[in-house]
$ cat model15.cif   # mmCIF, C-alpha atoms
data_entry
loop_
_atom_site.label_atom_id
_atom_site.label_comp_id
_atom_site.auth_asym_id
_atom_site.auth_seq_id
_atom_site.Cartn_x
_atom_site.Cartn_y
_atom_site.Cartn_z
CA MET A 1 23.11 3.92 27.78
CA GLN A 2 25.58 5.85 26.13
CA THR A 3 25.22 8.52 28.62
CA LEU A 4 26.11 6.21 31.38
CA ASP A 5 29.36 5.21 29.82
CA VAL A 6 30.48 8.75 29.74
CA ILE A 7 29.59 9.29 33.31
CA SER A 8 30.70 5.97 34.54
CA VAL A 9 33.52 5.75 36.95
CA ASN A 10 36.19 3.20 36.53
CA ILE A 11 37.64 2.42 39.93
CA TRP A 12 40.66 0.58 38.56
CA GLN A 13 41.70 3.60 36.59
CA ILE A 14 41.33 5.76 39.68
CA VAL A 15 43.41 3.35 41.75
CA ILE A 16 46.07 3.09 39.05
CA SER A 17 46.14 6.89 38.70
CA LEU A 18 46.47 7.25 42.46
CA ALA A 19 49.24 4.62 42.50
CA ASN A 20 51.03 6.44 39.66
CA LEU A 21 50.63 9.67 41.52
CA LEU A 22 52.03 8.12 44.71
CA ILE A 23 54.97 6.56 42.86
CA LEU A 24 55.64 9.84 41.08
CA PHE A 25 55.48 11.67 44.43
CA LEU A 26 57.90 9.23 46.07
CA VAL A 27 60.33 9.37 43.13
CA LEU A 28 60.19 13.13 43.05
CA LYS A 29 60.62 13.26 46.81
CA LYS A 30 63.58 10.94 46.70
CA PHE A 31 65.37 12.38 43.69
CA LEU A 32 64.16 15.96 43.46
CA TYR A 33 62.85 17.19 46.81
CA LYS A 34 65.93 16.31 48.90
CA PRO A 35 68.48 17.83 46.47
CA VAL A 36 66.36 20.95 46.04
CA ARG A 37 65.91 21.19 49.81
CA GLU A 38 69.66 20.74 50.36
CA THR A 39 70.38 23.40 47.73
CA LEU A 40 67.92 25.76 49.38
CA ASP A 41 69.42 25.07 52.82
CA ARG A 42 72.95 25.59 51.48
CA ARG A 43 71.93 28.87 49.84
CA GLN A 44 70.21 29.97 53.05
CA ARG A 45 73.41 29.23 54.97
CA GLU A 46 75.39 31.25 52.41
CA VAL A 47 72.95 34.15 52.69
CA ASP A 48 73.13 33.92 56.49
CA GLU A 49 76.93 33.93 56.29
CA VAL A 50 76.84 36.98 54.03
CA TYR A 51 74.46 38.75 56.40
CA SER A 52 76.62 37.73 59.35
CA LEU A 53 79.75 38.98 57.60
CA ALA A 54 77.96 42.20 56.65
CA GLN A 55 76.88 42.68 60.27
CA GLU A 56 80.46 42.08 61.47
CA VAL A 57 81.76 44.61 58.95
CA LEU A 58 79.07 47.08 60.03
CA ASP A 59 79.94 46.54 63.68
CA GLN A 60 83.65 46.96 62.89
CA ALA A 61 82.89 50.12 60.90
CA ASN A 62 80.87 51.52 63.81
CA SER A 63 83.65 50.75 66.29
CA ASP A 64 86.21 52.27 63.90
CA ARG A 65 84.01 55.36 63.54
CA GLU A 66 83.73 55.66 67.33
CA ALA A 67 87.50 55.23 67.69
CA TYR A 68 88.03 57.84 64.97
CA GLU A 69 85.67 60.25 66.71
CA LYS A 70 87.51 59.70 70.00
CA LYS A 71 90.84 60.27 68.27
CA LEU A 72 89.44 63.37 66.58
CA LEU A 73 88.20 64.66 69.91
CA GLY A 74 91.58 63.84 71.43
CA ALA A 75 93.29 65.63 68.55
CA ASP A 76 91.09 68.68 69.12
CA GLU A 77 91.96 68.65 72.80
CA GLU A 78 95.64 68.17 71.97
CA CYS A 79 95.45 71.04 69.48
CA ASP A 80 93.80 73.25 72.11
CA GLU A 81 96.50 72.28 74.61
CA LEU A 82 99.24 73.07 72.08
CA ILE A 83 97.63 76.45 71.41
CA ARG A 84 97.43 77.18 75.15
CA GLU A 85 101.07 76.18 75.59
CA ALA A 86 102.11 78.34 72.64
CA GLN A 87 100.19 81.29 74.06
CA GLN A 88 101.78 80.78 77.48
CA ASN A 89 105.22 80.52 75.88
CA ALA A 90 104.55 83.67 73.87
CA ARG A 91 103.42 85.53 77.00
CA ALA A 92 106.46 84.33 78.93
CA ARG A 93 108.74 85.28 76.04
CA SER A 94 107.16 88.72 75.68
CA THR A 95 107.47 89.28 79.43
CA SER A 96 111.10 88.20 79.24
CA ILE A 97 111.78 90.48 76.26
CA ILE A 98 110.07 93.42 78.00
CA SER A 99 112.05 92.77 81.19
CA GLU A 100 115.30 92.60 79.24
CA ALA A 101 114.42 95.80 77.40
CA GLU A 102 113.56 97.54 80.67
CA GLU A 103 116.83 96.35 82.20
CA LYS A 104 118.78 97.56 79.18
CA ALA A 105 116.95 100.89 79.26
CA ALA A 106 117.66 101.23 82.99
CA GLY A 107 121.33 100.40 82.35
CA ILE A 108 121.49 102.97 79.56
CA MET A 109 119.86 105.55 81.84
CA ARG A 110 122.34 104.77 84.64
CA ARG A 111 125.26 105.06 82.23
CA ALA A 112 123.86 108.30 80.86
CA GLU A 113 123.40 109.66 84.40
CA ASN A 114 126.93 108.54 85.29
CA GLU A 115 128.28 110.18 82.14
CA ILE A 116 126.33 113.35 82.95
CA GLU A 117 127.70 113.33 86.49
CA LEU A 118 131.19 112.70 85.15
CA ALA A 119 130.85 115.49 82.60
CA LYS A 120 129.48 117.76 85.33
CA SER A 121 132.38 116.86 87.63
CA GLU A 122 134.84 117.45 84.81
CA ALA A 123 133.20 120.78 84.01
CA GLU A 124 133.34 121.81 87.67
CA SER A 125 136.94 120.68 87.86
CA THR A 126 137.76 122.57 84.68
CA MET A 127 135.98 125.65 85.98
CA LYS A 128 137.85 125.43 89.26
CA LYS A 129 141.12 125.18 87.37
CA GLU A 130 140.19 128.14 85.21
CA ILE A 131 139.14 130.14 88.26
CA ALA A 132 142.40 129.23 89.92
CA GLU A 133 144.37 130.26 86.83
CA LEU A 134 142.41 133.49 86.56
CA SER A 135 142.96 134.11 90.25
CA VAL A 136 146.66 133.61 89.70
CA ARG A 137 146.61 136.04 86.76
CA LEU A 138 144.61 138.51 88.78
CA ALA A 139 147.07 138.17 91.60
CA GLU A 140 149.91 138.74 89.17
CA LYS A 141 148.21 141.87 87.86
CA LEU A 142 147.49 143.05 91.34
CA LEU A 143 151.05 142.51 92.33
CA GLU A 144 152.05 144.71 89.49
CA ARG A 145 149.96 147.38 91.12
CA GLU A 146 150.15 148.10 94.73
CA ILE A 147 146.86 147.94 96.49
CA ASN A 148 145.70 147.29 99.98
CA ALA A 149 143.95 144.12 101.28
CA ALA A 150 140.42 145.56 101.01
CA ASP A 151 140.95 146.50 97.39
CA HIS A 152 142.44 143.09 96.79
CA GLU A 153 139.41 141.32 98.24
CA GLU A 154 137.04 143.53 96.31
CA LEU A 155 138.85 142.83 93.07
CA ILE A 156 138.76 139.05 93.62
CA ASP A 157 135.03 139.05 94.47
CA SER A 158 134.12 141.13 91.46
CA PHE A 159 136.34 139.01 89.25
CA ILE A 160 134.73 135.74 90.49
CA SER A 161 131.22 137.14 90.10
CA ASP A 162 132.06 138.27 86.56
CA ILE A 163 133.40 134.80 85.73
CA GLY A 164 130.29 133.16 87.23
CA THR A 165 127.94 135.24 85.11
CA GLU A 166 129.91 134.63 81.92
CA GLY A 167 130.57 130.87 82.32
CA ASN A 168 127.24 129.79 83.81
CA GLY A 169 124.73 131.84 81.86
CA GLY A 170 124.03 134.20 84.72
CA GLY A 171 124.65 131.82 87.65
CA ASN A 172 127.18 132.54 90.38
CA VAL A 173 129.95 129.95 90.38
CA GLY A 174 131.80 131.35 93.34
CA ASN A 175 128.85 130.91 95.69
CA ARG A 176 128.37 127.27 94.81
CA HIS A 177 131.69 126.18 96.42
#
$ encode --input "model15.cif" --output "structure tokens"
Amino acid sequence: MQTLDVISVNIWQIVISLANLLILFLVLKKFLYKPVRETLDRRQREVDEVYSLAQEVLDQANSDREAYEKKLLGADEECDELIREAQQNARARSTSIISEAEEKAAGIMRRAENEIELAKSEAESTMKKEIAELSVRLAEKLLEREINAADHEELIDSFISDIGTEGNGGGNVGNRH
């Protein structure tokens, strides 16, 4: 019989144990489960808020990056435009400088040609005066001697041709007028 006592089942102990277990479950549910559940829910909300905030920051960062890339692209285009404008201004300026230089060179050439013409006119005028003076001297010398008109003409022609070859390096001054 001893063996039966060990194996025997006491129903009242089982019922009391089940009642204790139920009471313990209800107490734990009332005092422990709800506060733990609320704490878990609150922490979940905080985590969700952090994730939400992180997503907002990520979205803002992406939009800022896109705006930055657009601005950078715009800056590149603006830089290219400024370079094109500078090149156009440089071309226009170089064209202007070349035109001014050509105009100045043309003006200098015109002045030089005018000065050459003036010097040429003065030289011709001077030569004419010298020829006239020499003609007067020749006439004075001829008057000192008596000669006829043919001799006179011959003397003047030879005198003018001699002057032309001396003053013009071999050219004939008398035939030019």
$ atom_distance --input "model15.cif" --atom1 "CA of Ala139 (chain A)" --atom2 "CA of Leu155 (chain A)"
9.6 Å
$ atom_distance --input "model15.cif" --atom1 "CA of Ile83 (chain A)" --atom2 "CA of Lys71 (chain A)"
17.8 Å
$ atom_distance --input "model15.cif" --atom1 "CA of Lys104 (chain A)" --atom2 "CA of Glu122 (chain A)"
26.2 Å
$ closest_residue --input "model15.cif" --among "A:Ile163, A:Ile16, A:Arg84, A:Ala112" --to "Ala132 (chain A)" --atoms "all atoms listed in the file"
A:Ile163
$ axis_aligned_box --input "model15.cif" --around "region 15-21 of chain A" --padding-each-side "3 Å" --output "AutoDock Vina command-line options"
--center_x 47.2 --center_y 6.4 --center_z 40.6 --size_x 13.6 --size_y 12.6 --size_z 9.8
$ build_atoms --input "model15.cif" --residues "region 20-39 of chain A" --atoms "N, CA and C atoms" --output "PDB file, in the frame of the given file"
ATOM      1  N   ASN A  20      50.031   5.699  40.466  1.00  0.00           N
ATOM      2  CA  ASN A  20      51.030   6.440  39.660  1.00  0.00           C
ATOM      3  C   ASN A  20      51.406   7.760  40.328  1.00  0.00           C
ATOM      4  N   LEU A  21      50.382   8.393  40.848  1.00  0.00           N
ATOM      5  CA  LEU A  21      50.630   9.670  41.520  1.00  0.00           C
ATOM      6  C   LEU A  21      51.497   9.461  42.760  1.00  0.00           C
ATOM      7  N   LEU A  22      51.231   8.427  43.522  1.00  0.00           N
ATOM      8  CA  LEU A  22      52.030   8.120  44.710  1.00  0.00           C
ATOM      9  C   LEU A  22      53.456   7.766  44.340  1.00  0.00           C
ATOM     10  N   ILE A  23      53.617   6.950  43.301  1.00  0.00           N
ATOM     11  CA  ILE A  23      54.970   6.560  42.860  1.00  0.00           C
ATOM     12  C   ILE A  23      55.706   7.793  42.367  1.00  0.00           C
ATOM     13  N   LEU A  24      55.006   8.614  41.566  1.00  0.00           N
ATOM     14  CA  LEU A  24      55.640   9.840  41.080  1.00  0.00           C
ATOM     15  C   LEU A  24      56.034  10.754  42.249  1.00  0.00           C
ATOM     16  N   PHE A  25      55.175  10.847  43.262  1.00  0.00           N
ATOM     17  CA  PHE A  25      55.480  11.670  44.430  1.00  0.00           C
ATOM     18  C   PHE A  25      56.705  11.143  45.166  1.00  0.00           C
ATOM     19  N   LEU A  26      56.768   9.821  45.366  1.00  0.00           N
ATOM     20  CA  LEU A  26      57.900   9.230  46.070  1.00  0.00           C
ATOM     21  C   LEU A  26      59.198   9.391  45.277  1.00  0.00           C
ATOM     22  N   VAL A  27      59.135   9.206  43.968  1.00  0.00           N
ATOM     23  CA  VAL A  27      60.330   9.370  43.130  1.00  0.00           C
ATOM     24  C   VAL A  27      60.786  10.820  43.172  1.00  0.00           C
ATOM     25  N   LEU A  28      59.819  11.713  43.012  1.00  0.00           N
ATOM     26  CA  LEU A  28      60.190  13.130  43.050  1.00  0.00           C
ATOM     27  C   LEU A  28      60.740  13.517  44.424  1.00  0.00           C
ATOM     28  N   LYS A  29      60.126  12.955  45.466  1.00  0.00           N
ATOM     29  CA  LYS A  29      60.620  13.260  46.810  1.00  0.00           C
ATOM     30  C   LYS A  29      62.022  12.739  46.982  1.00  0.00           C
ATOM     31  N   LYS A  30      62.270  11.535  46.510  1.00  0.00           N
ATOM     32  CA  LYS A  30      63.580  10.940  46.700  1.00  0.00           C
ATOM     33  C   LYS A  30      64.626  11.648  45.850  1.00  0.00           C
ATOM     34  N   PHE A  31      64.344  11.870  44.592  1.00  0.00           N
ATOM     35  CA  PHE A  31      65.370  12.380  43.690  1.00  0.00           C
ATOM     36  C   PHE A  31      65.332  13.911  43.499  1.00  0.00           C
ATOM     37  N   LEU A  32      64.241  14.535  43.739  1.00  0.00           N
ATOM     38  CA  LEU A  32      64.160  15.960  43.460  1.00  0.00           C
ATOM     39  C   LEU A  32      64.004  16.792  44.740  1.00  0.00           C
ATOM     40  N   TYR A  33      63.147  16.371  45.641  1.00  0.00           N
ATOM     41  CA  TYR A  33      62.850  17.190  46.810  1.00  0.00           C
ATOM     42  C   TYR A  33      64.081  17.346  47.698  1.00  0.00           C
ATOM     43  N   LYS A  34      64.764  16.227  48.015  1.00  0.00           N
ATOM     44  CA  LYS A  34      65.930  16.310  48.900  1.00  0.00           C
ATOM     45  C   LYS A  34      67.043  17.155  48.293  1.00  0.00           C
ATOM     46  N   PRO A  35      67.424  16.967  47.025  1.00  0.00           N
ATOM     47  CA  PRO A  35      68.480  17.830  46.470  1.00  0.00           C
ATOM     48  C   PRO A  35      68.072  19.303  46.422  1.00  0.00           C
ATOM     49  N   VAL A  36      66.826  19.556  46.069  1.00  0.00           N
ATOM     50  CA  VAL A  36      66.360  20.950  46.040  1.00  0.00           C
ATOM     51  C   VAL A  36      66.376  21.529  47.445  1.00  0.00           C
ATOM     52  N   ARG A  37      65.918  20.732  48.411  1.00  0.00           N
ATOM     53  CA  ARG A  37      65.910  21.190  49.810  1.00  0.00           C
ATOM     54  C   ARG A  37      67.334  21.445  50.290  1.00  0.00           C
ATOM     55  N   GLU A  38      68.253  20.542  49.968  1.00  0.00           N
ATOM     56  CA  GLU A  38      69.660  20.740  50.360  1.00  0.00           C
ATOM     57  C   GLU A  38      70.229  21.999  49.702  1.00  0.00           C
ATOM     58  N   THR A  39      69.902  22.195  48.429  1.00  0.00           N
ATOM     59  CA  THR A  39      70.380  23.400  47.730  1.00  0.00           C
ATOM     60  C   THR A  39      69.803  24.649  48.376  1.00  0.00           C
TER      61      THR A  39
END
